[in-house]
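K.L.:
Sharing my_file_10.cif (mmCIF, C-alpha atoms and all ligand atoms) below.
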```
data_structure
#
loop_
_atom_site.label_atom_id
_atom_site.label_comp_id
_atom_site.auth_asym_id
_atom_site.auth_seq_id
_atom_site.Cartn_x
_atom_site.Cartn_y
_atom_site.Cartn_z
CA MET A 17 -93.06 28.96 88.34
CA LEU A 18 -91.06 30.15 91.34
CA ASP A 19 -91.15 26.66 92.81
CA VAL A 20 -89.89 25.09 89.59
CA LEU A 21 -86.95 27.54 89.36
CA ARG A 22 -86.13 27.07 93.03
CA ALA A 23 -86.14 23.32 92.59
CA GLU A 24 -83.80 23.74 89.60
CA ILE A 25 -81.42 25.88 91.70
CA ASP A 26 -81.55 23.41 94.61
CA GLN A 27 -80.67 20.61 92.25
CA CYS A 28 -77.70 22.57 90.82
CA ASP A 29 -76.50 23.34 94.34
CA SER A 30 -76.51 19.72 95.37
CA ILE A 31 -74.60 18.74 92.20
CA LEU A 32 -72.11 21.56 92.82
CA ALA A 33 -71.63 20.70 96.49
CA GLU A 34 -71.03 17.08 95.65
CA ALA A 35 -68.63 17.90 92.79
CA LEU A 36 -66.69 20.46 94.83
CA GLY A 37 -66.38 18.02 97.71
CA ARG A 38 -64.95 15.45 95.30
CA ARG A 39 -62.65 18.07 93.76
CA PHE A 40 -61.21 19.14 97.13
CA LEU A 41 -60.80 15.55 98.22
CA ALA A 42 -58.86 14.79 95.04
CA ALA A 43 -56.74 17.92 95.69
CA ALA A 44 -55.96 16.75 99.22
CA ARG A 45 -54.96 13.31 97.95
CA MET A 46 -52.83 14.96 95.30
CA ALA A 47 -51.12 17.04 98.02
CA ALA A 48 -50.28 13.89 99.95
CA TYR A 49 -48.74 12.51 96.78
CA LYS A 50 -46.84 15.77 96.07
CA LYS A 51 -45.51 15.76 99.62
CA GLU A 52 -44.24 12.21 99.16
CA CYS A 53 -42.51 13.17 95.91
CA GLY A 54 -41.18 16.50 97.24
CA MET A 55 -43.23 18.48 94.69
CA ALA A 56 -44.47 22.04 95.31
CA VAL A 57 -48.18 22.56 96.04
CA TYR A 58 -48.42 25.43 93.59
CA GLN A 59 -47.96 24.32 90.00
CA PRO A 60 -48.63 27.43 87.86
CA GLU A 61 -48.45 25.52 84.55
CA ARG A 62 -51.11 23.08 85.74
CA GLU A 63 -53.41 25.93 86.80
CA ALA A 64 -52.90 27.61 83.42
CA ALA A 65 -53.73 24.32 81.66
CA VAL A 66 -56.92 23.86 83.72
CA LEU A 67 -57.98 27.45 82.95
CA ASN A 68 -57.31 27.00 79.23
CA LYS A 69 -59.34 23.82 79.13
CA LEU A 70 -62.11 25.55 81.03
CA ALA A 71 -62.06 28.55 78.67
CA ALA A 72 -62.47 26.18 75.71
CA ASN A 73 -65.41 24.43 77.42
CA LEU A 74 -67.02 27.75 78.24
CA LYS A 75 -66.85 29.18 74.72
CA ASN A 76 -70.61 29.07 74.22
CA GLN A 77 -71.55 29.71 77.82
CA ILE A 78 -73.39 32.98 78.51
CA TYR A 79 -71.95 32.99 82.04
CA GLY A 80 -68.40 32.04 81.04
CA ALA A 81 -66.85 35.13 82.65
CA GLU A 82 -68.63 34.44 85.96
CA ILE A 83 -67.57 30.81 85.95
CA GLN A 84 -63.94 31.75 85.23
CA GLU A 85 -64.03 34.25 88.09
CA LEU A 86 -65.41 31.59 90.41
CA TYR A 87 -62.58 29.31 89.36
CA GLN A 88 -59.99 31.76 90.66
CA HIS A 89 -61.56 31.29 94.07
CA ILE A 90 -61.78 27.53 93.69
CA PHE A 91 -58.03 27.48 92.91
CA GLN A 92 -57.30 29.55 95.99
CA LEU A 93 -59.32 27.20 98.21
CA SER A 94 -57.79 24.19 96.56
CA ARG A 95 -54.29 25.48 97.35
CA ARG A 96 -55.37 25.94 100.94
CA VAL A 97 -56.71 22.38 101.11
CA GLN A 98 -53.39 21.16 99.71
CA SER A 99 -51.19 23.39 101.88
CA ARG A 100 -53.06 22.25 104.97
CA GLN A 101 -52.14 18.71 104.06
CA VAL A 102 -48.48 19.61 103.49
CA PHE A 103 -47.76 22.25 106.16
CA SER A 104 -48.99 21.57 109.63
CA SER A 105 -47.51 24.87 110.89
CA ASN A 106 -47.97 28.55 110.23
CA ILE A 107 -45.15 30.14 108.27
CA VAL A 108 -43.61 33.04 110.19
CA LEU A 109 -41.22 35.41 108.43
CA ILE A 110 -38.54 37.14 110.49
CA GLY A 111 -35.52 39.20 109.48
CA PHE A 112 -34.09 42.68 109.27
CA MET A 113 -35.95 45.66 107.81
CA GLY A 114 -35.83 45.43 104.03
CA SER A 115 -35.38 41.67 103.96
CA GLY A 116 -38.65 41.29 102.02
CA LYS A 117 -40.94 39.85 104.70
CA THR A 118 -44.09 41.68 103.60
CA THR A 119 -43.69 41.18 99.86
CA LEU A 120 -42.80 37.56 100.31
CA GLY A 121 -45.56 37.03 102.87
CA ARG A 122 -48.18 38.23 100.37
CA HIS A 123 -46.72 36.02 97.68
CA LEU A 124 -46.68 32.96 99.97
CA ALA A 125 -50.28 33.61 101.00
CA LYS A 126 -51.28 33.69 97.35
CA ILE A 127 -49.57 30.46 96.41
CA SER A 128 -50.46 28.55 99.57
CA GLY A 129 -54.03 29.82 100.04
CA PHE A 130 -53.17 30.58 103.69
CA THR A 131 -54.25 33.85 105.34
CA PHE A 132 -51.71 36.69 105.42
CA TYR A 133 -51.08 38.63 108.65
CA ASP A 134 -48.70 41.61 108.69
CA VAL A 135 -47.80 42.48 112.28
CA ASP A 136 -46.84 46.13 111.58
CA ARG A 137 -50.10 46.74 109.69
CA MET A 138 -52.05 45.16 112.56
CA ILE A 139 -50.29 47.49 115.03
CA GLU A 140 -51.22 50.45 112.82
CA GLN A 141 -54.85 49.30 112.68
CA GLN A 142 -55.00 48.72 116.41
CA THR A 143 -53.53 52.12 117.33
CA GLY A 144 -54.91 54.13 114.40
CA GLN A 145 -51.38 55.52 113.89
CA SER A 146 -48.56 54.91 111.45
CA ILE A 147 -45.37 53.20 112.70
CA PRO A 148 -43.27 56.42 112.41
CA ASN A 149 -45.95 58.32 114.37
CA ILE A 150 -46.07 55.68 117.10
CA PHE A 151 -42.28 55.94 117.50
CA SER A 152 -42.17 59.74 117.46
CA MET A 153 -45.18 60.30 119.73
CA HIS A 154 -44.87 57.40 122.19
CA GLY A 155 -41.36 55.97 121.80
CA GLU A 156 -40.01 52.49 121.10
CA LYS A 157 -41.08 50.97 124.43
CA TYR A 158 -44.74 51.73 123.68
CA PHE A 159 -44.34 50.30 120.17
CA ARG A 160 -42.83 47.07 121.54
CA ALA A 161 -45.76 46.70 123.95
CA ARG A 162 -48.26 47.02 121.05
CA GLU A 163 -46.17 44.59 119.00
CA ARG A 164 -46.28 42.14 121.92
CA GLU A 165 -50.10 42.40 122.06
CA VAL A 166 -50.48 41.69 118.35
CA ILE A 167 -48.17 38.67 118.54
CA GLU A 168 -50.20 37.38 121.48
CA ARG A 169 -53.40 37.77 119.43
CA LEU A 170 -51.81 35.81 116.61
CA SER A 171 -50.95 32.88 118.86
CA THR A 172 -54.24 31.16 118.02
CA VAL A 173 -54.37 31.62 114.23
CA GLU A 174 -53.86 28.65 111.93
CA GLN A 175 -53.12 28.23 108.23
CA ALA A 176 -51.38 31.55 108.38
CA ILE A 177 -48.45 33.37 106.85
CA ILE A 178 -47.22 35.89 109.41
CA SER A 179 -44.86 38.69 108.47
CA CYS A 180 -43.19 40.23 111.55
CA GLY A 181 -41.41 43.52 112.14
CA GLY A 182 -37.62 43.33 112.19
CA GLY A 183 -37.42 43.77 115.96
CA VAL A 184 -39.88 41.02 116.92
CA VAL A 185 -37.05 38.77 118.09
CA ILE A 186 -35.94 41.26 120.77
CA GLU A 187 -38.62 39.86 123.11
CA ASP A 188 -38.17 36.17 123.92
CA ALA A 189 -41.88 35.95 124.72
CA ASN A 190 -42.71 36.87 121.09
CA VAL A 191 -40.54 34.06 119.76
CA THR A 192 -42.04 31.51 122.17
CA CYS A 193 -45.53 32.60 121.18
CA LEU A 194 -44.87 32.45 117.41
CA LYS A 195 -43.27 29.03 117.74
CA GLN A 196 -46.38 27.52 119.32
CA ARG A 197 -48.01 27.10 115.93
CA GLY A 198 -45.39 28.28 113.48
CA LYS A 199 -42.05 27.63 111.88
CA LEU A 200 -39.84 30.71 111.90
CA ILE A 201 -38.05 31.50 108.68
CA TRP A 202 -35.22 34.02 108.76
CA LEU A 203 -34.94 35.94 105.52
CA LYS A 204 -31.26 36.83 105.32
CA ALA A 205 -29.76 39.60 103.22
CA GLU A 206 -26.43 41.40 103.03
CA PRO A 207 -26.32 44.97 104.42
CA ALA A 208 -25.77 46.37 100.89
CA THR A 209 -28.90 44.56 99.66
CA LEU A 210 -30.91 45.88 102.62
CA LEU A 211 -29.69 49.42 101.96
CA ALA A 212 -30.65 49.22 98.28
CA ARG A 213 -34.16 48.02 99.22
CA LEU A 214 -34.64 50.63 101.96
CA ARG A 215 -33.07 53.61 100.23
CA HIS A 216 -36.33 55.14 99.00
CA GLN A 217 -38.49 54.26 101.97
CA HIS A 218 -39.29 56.65 104.80
CA ASP A 219 -41.20 54.52 107.27
CA ARG A 220 -38.35 53.00 109.33
CA PRO A 221 -37.91 55.18 112.43
CA LEU A 222 -34.95 53.10 113.64
CA LEU A 223 -33.05 53.77 110.43
CA LYS A 224 -33.57 57.45 109.79
CA ASP A 225 -30.23 58.10 108.08
CA LYS A 226 -30.12 54.79 106.27
CA SER A 227 -26.36 54.56 106.08
CA LEU A 228 -24.62 51.28 105.48
CA ALA A 229 -22.86 51.72 108.83
CA ASP A 230 -26.21 52.06 110.69
CA ILE A 231 -27.58 48.95 109.03
CA LYS A 232 -24.43 46.98 109.77
CA SER A 233 -24.36 47.92 113.42
CA LEU A 234 -28.06 47.21 114.14
CA LEU A 235 -27.87 43.99 112.12
CA GLN A 236 -24.78 42.94 114.08
CA GLU A 237 -26.71 43.42 117.34
CA ARG A 238 -29.54 41.27 116.09
CA LEU A 239 -27.82 38.47 114.19
CA ARG A 240 -27.59 36.28 117.27
CA LEU A 241 -31.30 36.77 118.01
CA TYR A 242 -32.43 35.93 114.47
CA SER A 243 -30.19 32.92 114.39
CA ALA A 244 -31.42 31.61 117.77
CA ALA A 245 -35.09 32.13 116.86
CA ALA A 246 -35.03 30.70 113.33
CA ASP A 247 -36.13 27.20 112.44
CA TYR A 248 -34.85 27.80 108.91
CA GLU A 249 -32.66 30.39 107.19
CA VAL A 250 -33.18 31.49 103.60
CA THR A 251 -30.76 33.75 101.76
CA THR A 252 -32.52 36.32 99.59
CA ASP A 253 -29.71 38.31 97.90
CA GLY A 254 -30.10 38.33 94.14
CA LYS A 255 -33.12 35.99 94.19
CA SER A 256 -36.60 36.70 92.80
CA ILE A 257 -39.64 36.62 95.07
CA SER A 258 -40.94 33.55 93.32
CA ALA A 259 -37.61 31.71 93.73
CA ILE A 260 -37.54 32.53 97.46
CA GLY A 261 -41.21 31.50 97.81
CA ASP A 262 -40.56 28.18 96.10
CA ALA A 263 -37.52 27.61 98.34
CA ILE A 264 -39.67 28.19 101.45
CA LEU A 265 -42.52 25.98 100.34
CA GLY A 266 -39.97 23.30 99.55
CA LEU A 267 -38.66 23.23 103.14
CA PRO A 268 -39.28 20.02 105.05
CA PHE A 269 -42.05 21.30 107.33
CA VAL A 270 -43.50 18.91 109.86
C1 LIG B 1 -38.49 47.50 113.27
C2 LIG B 1 -38.85 47.06 112.01
C3 LIG B 1 -40.05 47.56 111.31
C4 LIG B 1 -41.09 48.06 112.32
C5 LIG B 1 -40.49 49.05 113.24
C6 LIG B 1 -39.31 48.46 114.04
C7 LIG B 1 -37.25 46.95 113.87
O1 LIG B 1 -40.63 46.49 110.53
O2 LIG B 1 -41.63 47.00 113.05
O3 LIG B 1 -40.05 50.15 112.48
O4 LIG B 1 -37.08 47.10 115.09
O5 LIG B 1 -36.45 46.34 113.13
P1 LIG B 1 -39.96 45.95 109.14
O6 LIG B 1 -38.90 44.97 109.51
O7 LIG B 1 -41.10 45.30 108.44
O8 LIG B 1 -39.41 47.11 108.42
#
```
Please express the file's structure as structure tokens.

P.N.:
Amino acid sequence: MLDVLRAEIDQCDSILAEALGRRFLAAARMAAYKKECGMAVYQPEREAAVLNKLAANLKNQIYGAEIQELYQHIFQLSRRVQSRQVFSSNIVLIGFMGSGKTTLGRHLAKISGFTFYDVDRMIEQQTGQSIPNIFSMHGEKYFRAREREVIERLSTVEQAIISCGGGVVIEDANVTCLKQRGKLIWLKAEPATLLARLRHQHDRPLLKDKSLADIKSLLQERLRLYSAAADYEVTTDGKSISAIGDAILGLPFV
């Protein structure tokens, strides 16, 4: 009995492996076509249509819920297969505090299937301390040294979306390192937009008072650095996350 069931499972696995291989290959070929036509990898309507069709096919399936859950993962992997075909570089987000790097990074990771790395969170994990604590207990110099270490660790990752802290561009070595495998995208925003986004947040030690004047003066100091480091600039004022994400994935990456 056991042998018969095992043989049945083995047979299913070989059918699945073969079908998934064909599915991913078709996805990769589709990505090449999309790239040629300038189409985005992520087509939400198409995914919804595939899921609807699947739901109809699974109506009488006892394991319909499991199969639908598995499909979410298949979609994710399929986006990665396609993004790999379209983007040969990591996508690195730079810009001032409050420019939306983390939120956008998560969104981009979801729609591209790439892995998301948040430099500030990695520093917190590495030190076991929050960013405000690192600044108040050890000072900015210590923080910059930890930031430098994390960027160095990230120099080997691939198929990645990397969201950096606002001061990453201060060190030339960070920029050189990030550029080895990535395209740097500067998320731009007006000081008033940054202030509105940061107003209720308390985790930015360099902007304790959060006045418009403070933002303007620090931003002024850094504009030249962001501009020199960036491969692309994207304006974010008044735009939705999904519109900014689509604009980034539509950039001519090579
Ligand atoms: C900093 C920005 C912060 C964080 C730290 C220093 C900066 O990251 O790295 O507080 O120098 O601009 P966010 O830009 O994600 O807020």

K.L.:
How many Å lie between atom CA of Asn106 of chain A and atom CA of Asp134 of chain A, rounded to one decimal?

P.N.:
13.2 Å

K.L.:
Determine the nearest neighbour of Thr209 of chain A from the options A:Leu194, A:Leu93, A:Leu67, A:Ile231, counting all atoms listed in the file.

P.N.:
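Of the candidates, the smallest distance to Thr209 of chain A is held by A:Ile231.
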
K.L.:
Can you work out which residues are within 7 Å of ligand LIG 1 (chain B), considering only C-alpha atoms and all ligand atoms, and then hand them over as number ranges by chain?

P.N.:
A: 111-114, 117-118, 136, 147, 180-184, 219-222

K.L.:
For Leu214 of chain A, which of A:Leu228, A:Leu18, A:Val135, A:Ala35 is the closest residue, counting only C-alpha atoms?

P.N.:
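Among A:Leu228, A:Leu18, A:Val135, A:Ala35, it is A:Leu228 that comes nearest to Leu214 of chain A.
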
K.L.:
When you look at Arg169 of chain A with a cut-off of 12 Å (counting all atoms listed in the file), what residues show up, excluding the ones that are within fewer than 6 positions of it in the same chain? I need them as a ChimeraX atom specification.

P.N.:
/A:133,135,138-139,142,162-163,178,190,193-194

K.L.:
Considering only C-alpha atoms, state which residue in the set A:Leu241, A:Cys53, A:Val173, A:Ile83 is at the smallest distance from Ala71 of chain A.

P.N.:
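Closest to Ala71 of chain A, using only C-alpha atoms: A:Ile83.
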
K.L.:
For each of A:Leu109, A:Ala189, A:Ala44, A:Leu70, take the minimum atom-to-atom distance to Glu165 of chain A, counting all atoms listed in the file, then give the residue where this is smallest.

P.N.:
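Among the listed residues, the smallest separation from Glu165 of chain A belongs to A:Ala189.
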
K.L.:
Any idea what the distance is between atom CA of Arg240 of chain A and atom CA of Gly116 of chain A?

P.N.:
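If I compute the distance from atom CA of Arg240 of chain A to atom CA of Gly116 of chain A, I get 19.5 Å.
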
K.L.:
Calculated over all atoms listed in the file, which of the candidates A:Gln101, A:Gln196, A:Ser128, A:Ser115 has the smallest distance to Leu211 of chain A?

P.N.:
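Nearest candidate to Leu211 of chain A out of A:Gln101, A:Gln196, A:Ser128, A:Ser115: A:Ser115.
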